[in-house]
>>> print(open('final-v7.pdb').read())   # PDB, C-alpha atoms, pLDDT in the B column
MODEL        1
ATOM      1  CA  MET A  99    -125.467 -25.133 -99.539  1.00 88.00           C
ATOM      2  CA  VAL A 100    -125.807 -28.527 -97.888  1.00 94.00           C
ATOM      3  CA  SER A 101    -126.830 -29.176 -94.328  1.00 94.00           C
ATOM      4  CA  THR A 102    -125.045 -31.475 -91.909  1.00 93.00           C
ATOM      5  CA  ASP A 103    -128.034 -33.816 -92.026  1.00 94.00           C
ATOM      6  CA  GLU A 104    -127.788 -33.954 -95.824  1.00 95.00           C
ATOM      7  CA  VAL A 105    -124.049 -34.704 -95.697  1.00 95.00           C
ATOM      8  CA  ILE A 106    -124.685 -37.572 -93.284  1.00 95.00           C
ATOM      9  CA  ALA A 107    -127.664 -38.897 -95.285  1.00 96.00           C
ATOM     10  CA  ARG A 108    -125.697 -38.891 -98.561  1.00 96.00           C
ATOM     11  CA  ALA A 109    -122.754 -40.676 -96.942  1.00 97.00           C
ATOM     12  CA  VAL A 110    -124.985 -43.307 -95.330  1.00 97.00           C
ATOM     13  CA  SER A 111    -126.759 -43.887 -98.665  1.00 97.00           C
ATOM     14  CA  LEU A 112    -123.338 -44.741-100.136  1.00 96.00           C
ATOM     15  CA  GLY A 113    -122.620 -47.347 -97.457  1.00 96.00           C
ATOM     16  CA  CYS A 114    -120.946 -45.264 -94.762  1.00 97.00           C
ATOM     17  CA  GLU A 115    -121.694 -45.877 -91.108  1.00 96.00           C
ATOM     18  CA  LEU A 116    -122.141 -43.281 -88.404  1.00 95.00           C
ATOM     19  CA  GLY A 117    -119.875 -43.616 -85.385  1.00 95.00           C
ATOM     20  CA  THR A 118    -117.525 -41.508 -83.288  1.00 93.00           C
ATOM     21  CA  HIS A 119    -113.949 -40.328 -83.768  1.00 90.00           C
ATOM     22  CA  TYR A 120    -112.264 -38.711 -80.746  1.00 88.00           C
ATOM     23  CA  SER A 121    -115.710 -38.681 -79.056  1.00 87.00           C
ATOM     24  CA  GLU A 122    -117.242 -36.654 -81.897  1.00 88.00           C
ATOM     25  CA  PRO A 123    -119.727 -37.840 -84.570  1.00 91.00           C
ATOM     26  CA  ALA A 124    -117.972 -39.253 -87.632  1.00 95.00           C
ATOM     27  CA  LEU A 125    -118.601 -41.343 -90.734  1.00 97.00           C
ATOM     28  CA  PHE A 126    -116.713 -44.511 -91.572  1.00 97.00           C
ATOM     29  CA  PHE A 127    -116.407 -46.768 -94.591  1.00 96.00           C
ATOM     30  CA  ASN A 128    -114.880 -50.223 -94.126  1.00 93.00           C
ATOM     31  CA  GLU A 129    -114.266 -49.178 -90.514  1.00 92.00           C
ATOM     32  CA  ARG A 130    -112.012 -46.359 -91.748  1.00 94.00           C
ATOM     33  CA  HIS A 131    -112.704 -42.755 -90.787  1.00 95.00           C
ATOM     34  CA  ILE A 132    -113.548 -40.626 -93.823  1.00 96.00           C
ATOM     35  CA  LEU A 133    -115.598 -37.660 -92.612  1.00 96.00           C
ATOM     36  CA  SER A 134    -116.302 -35.596 -89.507  1.00 95.00           C
ATOM     37  CA  PRO A 135    -119.379 -33.373 -89.714  1.00 91.00           C
ATOM     38  CA  ASP A 136    -119.256 -29.964 -88.047  1.00 80.00           C
ATOM     39  CA  ARG A 137    -115.484 -30.222 -87.570  1.00 76.00           C
ATOM     40  CA  VAL A 138    -115.494 -26.446 -87.459  1.00 86.00           C
ATOM     41  CA  PRO A 139    -118.642 -24.288 -87.598  1.00 90.00           C
ATOM     42  CA  GLY A 140    -120.096 -24.454 -91.115  1.00 94.00           C
ATOM     43  CA  ALA A 141    -117.643 -27.051 -92.419  1.00 96.00           C
ATOM     44  CA  PHE A 142    -116.865 -30.758 -92.350  1.00 96.00           C
ATOM     45  CA  SER A 143    -113.554 -32.542 -92.765  1.00 96.00           C
ATOM     46  CA  ILE A 144    -113.118 -35.287 -95.329  1.00 97.00           C
ATOM     47  CA  ARG A 145    -110.189 -37.599 -96.057  1.00 96.00           C
ATOM     48  CA  LEU A 146    -108.948 -37.818 -99.645  1.00 96.00           C
ATOM     49  CA  ASP A 147    -105.862 -39.238-101.287  1.00 94.00           C
ATOM     50  CA  TRP A 148    -103.057 -36.693-101.698  1.00 94.00           C
ATOM     51  CA  GLU A 149    -103.657 -36.206-105.442  1.00 95.00           C
ATOM     52  CA  ASP A 150    -107.366 -35.427-105.007  1.00 97.00           C
ATOM     53  CA  HIS A 151    -106.521 -33.341-101.929  1.00 96.00           C
ATOM     54  CA  ASP A 152    -104.106 -31.153-103.894  1.00 96.00           C
ATOM     55  CA  THR A 153    -106.468 -30.854-106.872  1.00 97.00           C
ATOM     56  CA  TRP A 154    -109.382 -29.676-104.721  1.00 98.00           C
ATOM     57  CA  LEU A 155    -107.203 -27.135-102.915  1.00 97.00           C
ATOM     58  CA  SER A 156    -105.817 -25.676-106.144  1.00 97.00           C
ATOM     59  CA  ASP A 157    -108.992 -25.832-108.263  1.00 98.00           C
ATOM     60  CA  GLN A 158    -111.748 -25.166-105.696  1.00 97.00           C
ATOM     61  CA  PRO A 159    -110.372 -22.900-102.926  1.00 97.00           C
ATOM     62  CA  GLU A 160    -113.825 -21.387-102.451  1.00 98.00           C
ATOM     63  CA  VAL A 161    -115.146 -24.870-101.516  1.00 98.00           C
ATOM     64  CA  VAL A 162    -112.272 -26.493 -99.588  1.00 97.00           C
ATOM     65  CA  TYR A 163    -109.505 -25.188 -97.348  1.00 96.00           C
ATOM     66  CA  LYS A 164    -106.911 -26.297 -94.773  1.00 94.00           C
ATOM     67  CA  VAL A 165    -106.065 -25.312 -91.235  1.00 91.00           C
ATOM     68  CA  PRO A 166    -102.673 -25.915 -89.594  1.00 92.00           C
ATOM     69  CA  HIS A 167    -104.023 -28.888 -87.615  1.00 88.00           C
ATOM     70  CA  PHE A 168    -104.482 -30.848 -90.870  1.00 87.00           C
ATOM     71  CA  GLU A 169    -101.257 -29.844 -92.653  1.00 90.00           C
ATOM     72  CA  THR A 170     -99.665 -33.297 -92.432  1.00 92.00           C
ATOM     73  CA  TRP A 171    -102.887 -35.218 -93.155  1.00 91.00           C
ATOM     74  CA  PRO A 172    -104.788 -35.615 -96.435  1.00 92.00           C
ATOM     75  CA  TYR A 173    -107.942 -34.025 -94.999  1.00 94.00           C
ATOM     76  CA  VAL A 174    -109.632 -30.898 -96.303  1.00 96.00           C
ATOM     77  CA  LEU A 175    -112.333 -28.800 -94.692  1.00 96.00           C
ATOM     78  CA  VAL A 176    -115.393 -28.324 -96.895  1.00 97.00           C
ATOM     79  CA  ARG A 177    -117.469 -25.158 -96.635  1.00 97.00           C
ATOM     80  CA  GLN A 178    -121.077 -26.307 -96.417  1.00 96.00           C
ATOM     81  CA  ASP A 179    -122.378 -22.987 -97.737  1.00 96.00           C
ATOM     82  CA  ALA A 180    -120.217 -23.293-100.878  1.00 97.00           C
ATOM     83  CA  VAL A 181    -120.333 -27.003-101.802  1.00 98.00           C
ATOM     84  CA  SER A 182    -122.919 -28.221-104.305  1.00 97.00           C
ATOM     85  CA  ILE A 183    -124.653 -31.590-104.156  1.00 96.00           C
ATOM     86  CA  GLU A 184    -122.608 -32.721-107.168  1.00 97.00           C
ATOM     87  CA  GLN A 185    -119.359 -31.695-105.466  1.00 98.00           C
ATOM     88  CA  LEU A 186    -120.437 -33.419-102.249  1.00 97.00           C
ATOM     89  CA  GLU A 187    -121.117 -36.653-104.116  1.00 97.00           C
ATOM     90  CA  LEU A 188    -117.725 -36.448-105.859  1.00 98.00           C
ATOM     91  CA  LEU A 189    -115.929 -35.804-102.555  1.00 98.00           C
ATOM     92  CA  LEU A 190    -117.721 -38.737-100.927  1.00 98.00           C
ATOM     93  CA  SER A 191    -116.890 -41.079-103.811  1.00 97.00           C
ATOM     94  CA  GLN A 192    -113.225 -40.043-103.637  1.00 98.00           C
ATOM     95  CA  ALA A 193    -113.153 -40.575 -99.859  1.00 97.00           C
ATOM     96  CA  ILE A 194    -114.789 -43.996-100.203  1.00 97.00           C
ATOM     97  CA  ARG A 195    -112.272 -44.963-102.885  1.00 96.00           C
ATOM     98  CA  VAL A 196    -109.469 -44.203-100.410  1.00 95.00           C
ATOM     99  CA  ALA A 197    -111.190 -46.234 -97.684  1.00 95.00           C
ATOM    100  CA  LYS A 198    -111.504 -49.230-100.040  1.00 93.00           C
ATOM    101  CA  LYS A 199    -107.734 -49.388-100.585  1.00 86.00           C
ATOM    102  CA  PRO A 200    -105.912 -52.051 -98.568  1.00 78.00           C
ATOM    103  CA  THR A 201    -104.167 -50.775 -95.479  1.00 69.00           C
ATOM    104  CA  LYS A 202    -100.388 -50.891 -95.696  1.00 67.00           C
ATOM    105  CA  ARG A 203     -98.915 -52.351 -92.558  1.00 61.00           C
ATOM    106  CA  ARG A 204     -95.527 -51.333 -91.252  1.00 57.00           C
ATOM    107  CA  MET A 205     -93.080 -54.137 -90.689  1.00 61.00           C
ATOM    108  CA  LEU A 206     -91.280 -54.017 -87.355  1.00 60.00           C
TER     109      LEU A 206
ENDMDL
END
>>> encode(input="final-v7.pdb", output="structure tokens")
Amino acid sequence: MVSTDEVIARAVSLGCELGTHYSEPALFFNERHILSPDRVPGAFSIRLDWEDHDTWLSDQPEVVYKVPHFETWPYVLVRQDAVSIEQLELLLSQAIRVAKKPTKRRML
């Protein structure tokens, strides 16, 4: 089990910054939202690429899950009472890797 404070501390130690997203506490890397602590009681949301997203959902359903609100977004909810420190660090590194990718701009 990891606490919300531990999630935030680990993310900050990897270069994330604490801010707000829709008036709620959130973590950013390169000014891109990657994580919202306490998104639902006992869980945090984290943004992954679609491949990692699908792998976590199929291989670790006891650790991550989805709710209808996130169906069209590559976010998963992470159960804080089920995630290990090693899994947390892997999730954070995957989220940071996504945030490091250049943003694709739509042409009008």
>>> residues_around(input="final-v7.pdb", residues="Ile132 of chain A", least_positions_apart="6", cutoff="7 Å", atoms="all atoms listed in the file", output="JSON, numbers by chain")
{"A": [125, 126, 144, 145, 193]}
>>> resolve_selection(input="final-v7.pdb", expression="the PyMOL selection byres ((chain A and resi 149-156) around 8)", output="list in words")
Leu146, Asp147, Trp148, Asp157, Gln158, Pro159, Val162, Tyr163, Pro172, Tyr173, Val174 and Gln192 of chain A
>>> closest_residue(input="final-v7.pdb", among="A:Pro123, A:Pro135, A:Pro200, A:Pro166", to="Glu104 of chain A", atoms="only C-alpha atoms")
A:Pro135
>>> resolve_selection(input="final-v7.pdb", expression="the PyMOL selection byres ((chain A and resi 110-118) around 12)", output="ChimeraX atom specification")
/A:103-109,119-135,186-195,197-198
>>> resolve_selection(input="final-v7.pdb", expression="the PyMOL selection byres ((chain A and resi 140) around 9)", output="VMD selection string")
chain A and resid 101 to 102 136 to 139 141 to 142 176 to 179
>>> atom_distance(input="final-v7.pdb", atom1="atom CA of Trp171 of chain A", atom2="atom CA of Lys199 of chain A")
16.7 Å
>>> decode(input="final-v7.pdb", residues="segment 129-156 of chain A", atoms="N, CA and C atoms", output="compact mmCIF listing (two decimals), in the first residue's frame")
# COMPACT_ATOMS: atom_id res chain seq x y z
N GLU A 129 4.87 20.46 -17.94
CA GLU A 129 3.60 21.19 -17.98
C GLU A 129 2.44 20.35 -18.52
N ARG A 130 2.62 19.04 -18.53
CA ARG A 130 1.56 18.13 -19.00
C ARG A 130 1.04 17.31 -17.82
N HIS A 131 -0.26 17.27 -17.69
CA HIS A 131 -0.91 16.55 -16.60
C HIS A 131 -0.61 15.05 -16.73
N ILE A 132 -0.13 14.45 -15.64
CA ILE A 132 0.10 13.00 -15.68
C ILE A 132 -0.61 12.25 -14.56
N LEU A 133 -0.94 12.92 -13.45
CA LEU A 133 -1.47 12.19 -12.31
C LEU A 133 -2.35 13.09 -11.46
N SER A 134 -3.46 12.51 -11.00
CA SER A 134 -4.34 13.21 -10.04
C SER A 134 -4.49 12.32 -8.82
N PRO A 135 -3.91 12.76 -7.67
CA PRO A 135 -4.07 11.97 -6.46
C PRO A 135 -5.50 12.05 -5.95
N ASP A 136 -5.92 10.99 -5.27
CA ASP A 136 -7.26 10.93 -4.67
C ASP A 136 -8.36 11.24 -5.67
N ARG A 137 -8.21 10.77 -6.90
CA ARG A 137 -9.23 10.99 -7.93
C ARG A 137 -10.55 10.39 -7.49
N VAL A 138 -10.47 9.21 -6.94
CA VAL A 138 -11.60 8.58 -6.25
C VAL A 138 -11.03 8.08 -4.92
N PRO A 139 -11.85 7.87 -3.91
CA PRO A 139 -11.30 7.44 -2.62
C PRO A 139 -10.44 6.18 -2.76
N GLY A 140 -9.20 6.27 -2.28
CA GLY A 140 -8.29 5.12 -2.29
C GLY A 140 -7.60 4.86 -3.61
N ALA A 141 -7.71 5.78 -4.56
CA ALA A 141 -7.08 5.57 -5.87
C ALA A 141 -6.62 6.89 -6.46
N PHE A 142 -5.66 6.80 -7.38
CA PHE A 142 -5.24 7.97 -8.14
C PHE A 142 -5.31 7.64 -9.61
N SER A 143 -5.48 8.66 -10.44
CA SER A 143 -5.49 8.44 -11.89
C SER A 143 -4.12 8.80 -12.44
N ILE A 144 -3.71 8.05 -13.46
CA ILE A 144 -2.42 8.30 -14.09
C ILE A 144 -2.57 8.11 -15.59
N ARG A 145 -1.89 8.97 -16.35
CA ARG A 145 -1.98 8.93 -17.82
C ARG A 145 -0.83 8.09 -18.37
N LEU A 146 -1.17 7.13 -19.22
CA LEU A 146 -0.20 6.26 -19.86
C LEU A 146 -0.39 6.34 -21.37
N ASP A 147 0.51 5.73 -22.14
CA ASP A 147 0.20 5.60 -23.56
C ASP A 147 -0.76 4.41 -23.68
N TRP A 148 -1.40 4.29 -24.84
CA TRP A 148 -2.45 3.27 -24.98
C TRP A 148 -1.90 1.86 -24.82
N GLU A 149 -0.69 1.60 -25.28
CA GLU A 149 -0.12 0.25 -25.16
C GLU A 149 0.10 -0.12 -23.69
N ASP A 150 0.73 0.78 -22.93
CA ASP A 150 0.93 0.52 -21.50
C ASP A 150 -0.41 0.43 -20.78
N HIS A 151 -1.32 1.30 -21.13
CA HIS A 151 -2.68 1.31 -20.57
C HIS A 151 -3.32 -0.06 -20.72
N ASP A 152 -3.32 -0.59 -21.93
CA ASP A 152 -3.95 -1.89 -22.19
C ASP A 152 -3.23 -3.03 -21.47
N THR A 153 -1.91 -2.96 -21.41
CA THR A 153 -1.13 -4.00 -20.74
C THR A 153 -1.43 -4.03 -19.25
N TRP A 154 -1.46 -2.87 -18.61
CA TRP A 154 -1.78 -2.82 -17.18
C TRP A 154 -3.18 -3.37 -16.93
N LEU A 155 -4.15 -2.97 -17.73
CA LEU A 155 -5.52 -3.44 -17.51
C LEU A 155 -5.65 -4.95 -17.69
N SER A 156 -4.94 -5.52 -18.65
CA SER A 156 -5.06 -6.96 -18.87
C SER A 156 -4.21 -7.78 -17.90
